[in-house]
Amino acid sequence: MYILQIFPRVITKIFLAVLISFVWAKTGNETGSINETGTIDNVEVLKVTDESVEFSVKISGEYDSFYASYKDKLDKNETVKEFKKGERVLVTNLTAGGLYEFQFQIESPLKIKLPSKSYNVTLLPRLPEVIFRSLSNGLVEIEWFQTFNEIFRGTIDYHELSYDRVQQYRGTNWTRADCEVNIKLSPRCLGSKYTIAGLSAGSYYEIRFRSHTAAGYGKEYINKIYSVSKQ
């Protein structure tokens with residue numbers, strides 16, 4: 001008889017424990033992470049460069065610090081960094097053009113991994129490496145280099161090649177002599193090269209090349225060439 005009397009109360013306690021665990025996990029996913037004495041209330045991406053990401057992270061509760069864990073798409077292991085409450089949240093030494101997943105929580109992820117919202121951030125691309133393969137008869141062949149990681153990561157949307165004829169003005173100053181030409185090049189094109197034709201003999205041209213990701217344009221390669229006379 002005693003067992004029959006306490007059985008409904010045991011069932012009720014188990015049900016309430018399961019319900020509380022579900023609500024806790026659901027709240028943690030929505031806010032970032034939460035525990036009994038500290039909460040990640042809000043996370044915003046402030047600035048993205050080719051090697052860093054700056055966040056605004058608001059926390060509440062008794063804790064005076066929190067943790068950021070992150071890894072690139074091609075990384076197997078994640079990095080964990082602690083930030084003090086009110087400190088500038090700047091994550092540096094990242095890979096240009098990387099696709100990173102960030103998570104924030106109050107406790108160290110090295111001790112306990114809590115359910116938390118993920119923030120995916122693509123960095124600006126690196127400064128391209130460009131060389132000129134040939135320059136004659138009004139033609140210039142341009143080639144650029146892509147790393148295997150850039151190809152596998154797939155974050156570069158396109159490359160932009162632009163050029164125009166320039167004239168030297170008062171020593172080291174240069175002015176544009178005609179309209180700028182802009183060409184968008186897919187990173188999936190066969191071969192990383194392009195040939196510009198129709199250059200005027202005996203003229204200087206400024207060649208510019210840059211890459212684009214979801215974060216925007218990266219640093220621009222700039223160089224000047226001299227178009228030699230046709231043979």
# chains A, B, ... in the order shown; residues from 1 in each chain; ligands from 1
$ residues_around --residues "Asp157 (chain A)" --least-positions-apart "4" --cutoff "10 Å" --atoms "only C-alpha atoms" --output "list in words"
Lys184, Leu185, Ser186, Pro187, Arg188, Ser211, His212, Thr213, Ala214, Gly216 and Tyr217 of chain A
$ atom_distance --atom1 "CA of Arg133 (chain A)" --atom2 "CA of Phe152 (chain A)"
26.0 Å
$ residues_around --residues "region 140-143 of chain A" --least-positions-apart "4" --cutoff "10 Å" --atoms "only C-alpha atoms" --output "PyMOL selection string"
chain A and resi 129-136+161+191-199+207+209+225-227
$ write_last_selection --atoms "N, CA, C and O atoms" --output "mmCIF file, in the first residue's frame"
data_model
loop_
_atom_site.group_PDB
_atom_site.id
_atom_site.type_symbol
_atom_site.label_atom_id
_atom_site.label_comp_id
_atom_site.auth_asym_id
_atom_site.auth_seq_id
_atom_site.Cartn_x
_atom_site.Cartn_y
_atom_site.Cartn_z
ATOM 1 N N GLU A 129 48.579 36.554 -55.148
ATOM 2 C CA GLU A 129 49.910 36.458 -55.743
ATOM 3 C C GLU A 129 49.728 36.429 -57.262
ATOM 4 O O GLU A 129 49.138 35.490 -57.794
ATOM 5 N N VAL A 130 50.225 37.446 -57.932
ATOM 6 C CA VAL A 130 50.006 37.605 -59.375
ATOM 7 C C VAL A 130 51.353 37.751 -60.074
ATOM 8 O O VAL A 130 52.252 38.435 -59.571
ATOM 9 N N ILE A 131 51.485 37.114 -61.233
ATOM 10 C CA ILE A 131 52.674 37.292 -62.057
ATOM 11 C C ILE A 131 52.247 37.502 -63.513
ATOM 12 O O ILE A 131 51.142 37.125 -63.915
ATOM 13 N N PHE A 132 53.124 38.118 -64.300
ATOM 14 C CA PHE A 132 52.886 38.325 -65.724
ATOM 15 C C PHE A 132 53.742 37.322 -66.497
ATOM 16 O O PHE A 132 54.972 37.352 -66.428
ATOM 17 N N ARG A 133 53.073 36.464 -67.247
ATOM 18 C CA ARG A 133 53.783 35.426 -67.979
ATOM 19 C C ARG A 133 54.399 35.957 -69.273
ATOM 20 O O ARG A 133 55.463 35.547 -69.678
ATOM 21 N N SER A 134 53.725 36.852 -69.942
ATOM 22 C CA SER A 134 54.253 37.405 -71.200
ATOM 23 C C SER A 134 53.693 38.796 -71.413
ATOM 24 O O SER A 134 52.606 39.120 -70.931
ATOM 25 N N LEU A 135 54.435 39.604 -72.137
ATOM 26 C CA LEU A 135 54.032 40.985 -72.399
ATOM 27 C C LEU A 135 54.620 41.399 -73.742
ATOM 28 O O LEU A 135 55.773 41.819 -73.820
ATOM 29 N N SER A 136 53.817 41.261 -74.802
ATOM 30 C CA SER A 136 54.287 41.617 -76.142
ATOM 31 C C SER A 136 53.109 41.708 -77.105
ATOM 32 O O SER A 136 52.038 41.126 -76.851
ATOM 33 N N LEU A 161 39.507 41.379 -61.999
ATOM 34 C CA LEU A 161 40.662 41.932 -62.711
ATOM 35 C C LEU A 161 40.237 43.245 -63.341
ATOM 36 O O LEU A 161 39.212 43.313 -64.021
ATOM 37 N N GLY A 191 42.181 26.633 -64.976
ATOM 38 C CA GLY A 191 43.410 27.404 -65.064
ATOM 39 C C GLY A 191 43.241 28.786 -64.477
ATOM 40 O O GLY A 191 42.244 29.465 -64.717
ATOM 41 N N SER A 192 44.200 29.216 -63.679
ATOM 42 C CA SER A 192 44.136 30.527 -63.029
ATOM 43 C C SER A 192 44.932 31.540 -63.843
ATOM 44 O O SER A 192 45.963 32.048 -63.394
ATOM 45 N N LYS A 193 44.453 31.830 -65.048
ATOM 46 C CA LYS A 193 45.161 32.775 -65.904
ATOM 47 C C LYS A 193 44.173 33.472 -66.835
ATOM 48 O O LYS A 193 43.074 32.976 -67.105
ATOM 49 N N TYR A 194 44.584 34.647 -67.297
ATOM 50 C CA TYR A 194 43.740 35.425 -68.199
ATOM 51 C C TYR A 194 44.650 36.289 -69.083
ATOM 52 O O TYR A 194 45.674 36.801 -68.612
ATOM 53 N N THR A 195 44.272 36.458 -70.363
ATOM 54 C CA THR A 195 45.063 37.249 -71.297
ATOM 55 C C THR A 195 44.308 38.513 -71.682
ATOM 56 O O THR A 195 43.155 38.452 -72.119
ATOM 57 N N ILE A 196 44.950 39.651 -71.466
ATOM 58 C CA ILE A 196 44.395 40.944 -71.878
ATOM 59 C C ILE A 196 44.962 41.278 -73.250
ATOM 60 O O ILE A 196 46.171 41.190 -73.478
ATOM 61 N N ALA A 197 44.089 41.656 -74.177
ATOM 62 C CA ALA A 197 44.511 41.976 -75.548
ATOM 63 C C ALA A 197 44.128 43.409 -75.888
ATOM 64 O O ALA A 197 43.347 44.053 -75.186
ATOM 65 N N GLY A 198 44.702 43.898 -76.991
ATOM 66 C CA GLY A 198 44.337 45.216 -77.487
ATOM 67 C C GLY A 198 44.964 46.379 -76.752
ATOM 68 O O GLY A 198 44.433 47.500 -76.795
ATOM 69 N N LEU A 199 46.089 46.148 -76.113
ATOM 70 C CA LEU A 199 46.776 47.243 -75.428
ATOM 71 C C LEU A 199 47.515 48.113 -76.435
ATOM 72 O O LEU A 199 48.085 47.618 -77.407
ATOM 73 N N ILE A 207 47.476 47.490 -63.698
ATOM 74 C CA ILE A 207 46.744 46.231 -63.542
ATOM 75 C C ILE A 207 46.395 46.045 -62.066
ATOM 76 O O ILE A 207 47.259 46.160 -61.192
ATOM 77 N N PHE A 209 44.171 43.470 -59.240
ATOM 78 C CA PHE A 209 43.566 42.146 -59.072
ATOM 79 C C PHE A 209 43.209 41.948 -57.598
ATOM 80 O O PHE A 209 44.026 42.201 -56.712
ATOM 81 N N ILE A 225 52.472 48.184 -65.953
ATOM 82 C CA ILE A 225 53.244 47.548 -67.019
ATOM 83 C C ILE A 225 53.392 48.534 -68.175
ATOM 84 O O ILE A 225 52.646 49.520 -68.281
ATOM 85 N N TYR A 226 54.359 48.243 -69.041
ATOM 86 C CA TYR A 226 54.576 49.071 -70.240
ATOM 87 C C TYR A 226 54.357 48.184 -71.464
ATOM 88 O O TYR A 226 54.991 47.137 -71.597
ATOM 89 N N SER A 227 53.409 48.581 -72.281
ATOM 90 C CA SER A 227 53.082 47.820 -73.496
ATOM 91 C C SER A 227 54.094 48.139 -74.581
ATOM 92 O O SER A 227 54.173 49.290 -75.043
#
$ residues_around --residues "region 68-80 of chain A" --least-positions-apart "6" --cutoff "6 Å" --atoms "only C-alpha atoms" --output "PyMOL selection string"
chain A and resi 99-104
$ write_last_selection --atoms "all heavy atoms" --output "PDB file, in the first residue's frame"
ATOM      1  N   LEU A  99      36.503  29.932 -43.279  1.00  0.00           N
ATOM      2  CA  LEU A  99      35.099  29.849 -42.881  1.00  0.00           C
ATOM      3  C   LEU A  99      35.070  29.288 -41.463  1.00  0.00           C
ATOM      4  O   LEU A  99      35.283  28.090 -41.247  1.00  0.00           O
ATOM      5  CB  LEU A  99      34.317  28.946 -43.836  1.00  0.00           C
ATOM      6  CG  LEU A  99      32.842  28.691 -43.491  1.00  0.00           C
ATOM      7  CD1 LEU A  99      32.082  29.998 -43.359  1.00  0.00           C
ATOM      8  CD2 LEU A  99      32.197  27.782 -44.523  1.00  0.00           C
ATOM      9  N   TYR A 100      34.818  30.170 -40.494  1.00  0.00           N
ATOM     10  CA  TYR A 100      34.925  29.803 -39.082  1.00  0.00           C
ATOM     11  C   TYR A 100      33.554  29.657 -38.428  1.00  0.00           C
ATOM     12  O   TYR A 100      32.617  30.393 -38.740  1.00  0.00           O
ATOM     13  CB  TYR A 100      35.721  30.859 -38.321  1.00  0.00           C
ATOM     14  CG  TYR A 100      37.206  30.764 -38.553  1.00  0.00           C
ATOM     15  CD1 TYR A 100      37.806  31.382 -39.644  1.00  0.00           C
ATOM     16  CD2 TYR A 100      38.024  30.042 -37.684  1.00  0.00           C
ATOM     17  CE1 TYR A 100      39.178  31.296 -39.866  1.00  0.00           C
ATOM     18  CE2 TYR A 100      39.398  29.952 -37.892  1.00  0.00           C
ATOM     19  CZ  TYR A 100      39.960  30.576 -38.980  1.00  0.00           C
ATOM     20  OH  TYR A 100      41.308  30.481 -39.196  1.00  0.00           O
ATOM     21  N   GLU A 101      33.504  28.711 -37.496  1.00  0.00           N
ATOM     22  CA  GLU A 101      32.321  28.523 -36.654  1.00  0.00           C
ATOM     23  C   GLU A 101      32.693  28.929 -35.232  1.00  0.00           C
ATOM     24  O   GLU A 101      33.633  28.383 -34.654  1.00  0.00           O
ATOM     25  CB  GLU A 101      31.856  27.068 -36.678  1.00  0.00           C
ATOM     26  CG  GLU A 101      30.645  26.809 -35.776  1.00  0.00           C
ATOM     27  CD  GLU A 101      30.252  25.347 -35.714  1.00  0.00           C
ATOM     28  OE1 GLU A 101      31.089  24.487 -36.093  1.00  0.00           O
ATOM     29  OE2 GLU A 101      29.129  25.047 -35.278  1.00  0.00           O
ATOM     30  N   PHE A 102      31.950  29.897 -34.683  1.00  0.00           N
ATOM     31  CA  PHE A 102      32.193  30.394 -33.326  1.00  0.00           C
ATOM     32  C   PHE A 102      31.036  29.991 -32.416  1.00  0.00           C
ATOM     33  O   PHE A 102      29.867  29.997 -32.828  1.00  0.00           O
ATOM     34  CB  PHE A 102      32.303  31.922 -33.315  1.00  0.00           C
ATOM     35  CG  PHE A 102      33.538  32.451 -33.992  1.00  0.00           C
ATOM     36  CD1 PHE A 102      33.547  32.689 -35.356  1.00  0.00           C
ATOM     37  CD2 PHE A 102      34.683  32.721 -33.267  1.00  0.00           C
ATOM     38  CE1 PHE A 102      34.669  33.187 -35.991  1.00  0.00           C
ATOM     39  CE2 PHE A 102      35.814  33.217 -33.882  1.00  0.00           C
ATOM     40  CZ  PHE A 102      35.809  33.457 -35.255  1.00  0.00           C
ATOM     41  N   GLN A 103      31.386  29.682 -31.164  1.00  0.00           N
ATOM     42  CA  GLN A 103      30.395  29.447 -30.121  1.00  0.00           C
ATOM     43  C   GLN A 103      30.870  30.121 -28.836  1.00  0.00           C
ATOM     44  O   GLN A 103      32.074  30.207 -28.585  1.00  0.00           O
ATOM     45  CB  GLN A 103      30.178  27.947 -29.879  1.00  0.00           C
ATOM     46  CG  GLN A 103      29.489  27.240 -31.046  1.00  0.00           C
ATOM     47  CD  GLN A 103      29.239  25.777 -30.757  1.00  0.00           C
ATOM     48  OE1 GLN A 103      30.086  25.094 -30.187  1.00  0.00           O
ATOM     49  NE2 GLN A 103      28.080  25.287 -31.146  1.00  0.00           N
ATOM     50  N   PHE A 104      29.906  30.595 -28.041  1.00  0.00           N
ATOM     51  CA  PHE A 104      30.230  31.298 -26.795  1.00  0.00           C
ATOM     52  C   PHE A 104      29.485  30.654 -25.638  1.00  0.00           C
ATOM     53  O   PHE A 104      28.299  30.301 -25.767  1.00  0.00           O
ATOM     54  CB  PHE A 104      29.836  32.777 -26.904  1.00  0.00           C
ATOM     55  CG  PHE A 104      30.578  33.523 -27.977  1.00  0.00           C
ATOM     56  CD1 PHE A 104      30.107  33.548 -29.279  1.00  0.00           C
ATOM     57  CD2 PHE A 104      31.763  34.182 -27.683  1.00  0.00           C
ATOM     58  CE1 PHE A 104      30.796  34.228 -30.281  1.00  0.00           C
ATOM     59  CE2 PHE A 104      32.460  34.864 -28.666  1.00  0.00           C
ATOM     60  CZ  PHE A 104      31.969  34.881 -29.971  1.00  0.00           C
TER      61      PHE A 104
END
$ atom_distance --atom1 "CA of Leu90 (chain A)" --atom2 "CA of Leu127 (chain A)"
21.6 Å
$ select_by_dssp --residues "chain A" --states "helix (DSSP H, G or I)" --output "ChimeraX atom specification"
/A:2-31,148-153
$ residues_around --residues "region 168-177 of chain A" --least-positions-apart "5" --cutoff "10 Å" --atoms "only C-alpha atoms" --output "compact mmCIF listing (two decimals) with N, CA and C atoms, in the first residue's frame"
# COMPACT_ATOMS: atom_id res chain seq x y z
N TYR A 163 41.85 47.03 -65.26
CA TYR A 163 43.03 47.71 -65.80
C TYR A 163 42.59 48.94 -66.57
N SER A 203 52.46 52.47 -74.26
CA SER A 203 51.63 53.05 -73.20
C SER A 203 51.81 52.28 -71.90
N TYR A 204 51.60 52.97 -70.79
CA TYR A 204 51.60 52.34 -69.47
C TYR A 204 50.17 51.94 -69.09
N TYR A 205 50.05 50.79 -68.44
CA TYR A 205 48.76 50.32 -67.94
C TYR A 205 48.91 49.93 -66.47
N GLU A 206 47.86 50.23 -65.71
CA GLU A 206 47.83 49.80 -64.31
C GLU A 206 46.92 48.58 -64.22
$ atom_distance --atom1 "CA of Lys58 (chain A)" --atom2 "CA of Asn42 (chain A)"
5.2 Å
$ residues_around --residues "Gly38 (chain A)" --least-positions-apart "6" --cutoff "9 Å" --atoms "only C-alpha atoms" --output "MDAnalysis selection string"
chainID A and resid 59:64 106:107
$ write_last_selection --atoms "N, CA, C and O atoms" --output "PDB file, in the first residue's frame"
ATOM      1  N   ILE A  59      26.932  39.625 -21.516  1.00  0.00           N
ATOM      2  CA  ILE A  59      26.641  38.563 -20.564  1.00  0.00           C
ATOM      3  C   ILE A  59      26.018  39.171 -19.315  1.00  0.00           C
ATOM      4  O   ILE A  59      26.164  40.362 -19.040  1.00  0.00           O
ATOM      5  N   SER A  60      25.330  38.346 -18.566  1.00  0.00           N
ATOM      6  CA  SER A  60      24.747  38.780 -17.289  1.00  0.00           C
ATOM      7  C   SER A  60      24.934  37.675 -16.262  1.00  0.00           C
ATOM      8  O   SER A  60      25.194  36.519 -16.611  1.00  0.00           O
ATOM      9  N   GLY A  61      24.829  38.045 -15.005  1.00  0.00           N
ATOM     10  CA  GLY A  61      24.993  37.074 -13.946  1.00  0.00           C
ATOM     11  C   GLY A  61      26.261  37.318 -13.145  1.00  0.00           C
ATOM     12  O   GLY A  61      26.906  38.360 -13.256  1.00  0.00           O
ATOM     13  N   GLU A  62      26.650  36.338 -12.348  1.00  0.00           N
ATOM     14  CA  GLU A  62      27.757  36.482 -11.403  1.00  0.00           C
ATOM     15  C   GLU A  62      29.122  36.296 -12.050  1.00  0.00           C
ATOM     16  O   GLU A  62      30.133  36.676 -11.475  1.00  0.00           O
ATOM     17  N   TYR A  63      29.183  35.701 -13.212  1.00  0.00           N
ATOM     18  CA  TYR A  63      30.485  35.424 -13.840  1.00  0.00           C
ATOM     19  C   TYR A  63      31.107  36.707 -14.376  1.00  0.00           C
ATOM     20  O   TYR A  63      30.423  37.595 -14.882  1.00  0.00           O
ATOM     21  N   ASP A  64      32.450  36.797 -14.296  1.00  0.00           N
ATOM     22  CA  ASP A  64      33.155  37.971 -14.799  1.00  0.00           C
ATOM     23  C   ASP A  64      33.955  37.661 -16.065  1.00  0.00           C
ATOM     24  O   ASP A  64      34.769  38.469 -16.511  1.00  0.00           O
ATOM     25  N   ILE A 106      29.574  30.470 -20.924  1.00  0.00           N
ATOM     26  CA  ILE A 106      30.135  30.989 -19.679  1.00  0.00           C
ATOM     27  C   ILE A 106      31.249  30.079 -19.165  1.00  0.00           C
ATOM     28  O   ILE A 106      32.343  30.530 -18.845  1.00  0.00           O
ATOM     29  N   GLU A 107      30.986  28.782 -19.083  1.00  0.00           N
ATOM     30  CA  GLU A 107      31.987  27.837 -18.612  1.00  0.00           C
ATOM     31  C   GLU A 107      32.974  27.512 -19.727  1.00  0.00           C
ATOM     32  O   GLU A 107      32.688  27.675 -20.902  1.00  0.00           O
TER      33      GLU A 107
END
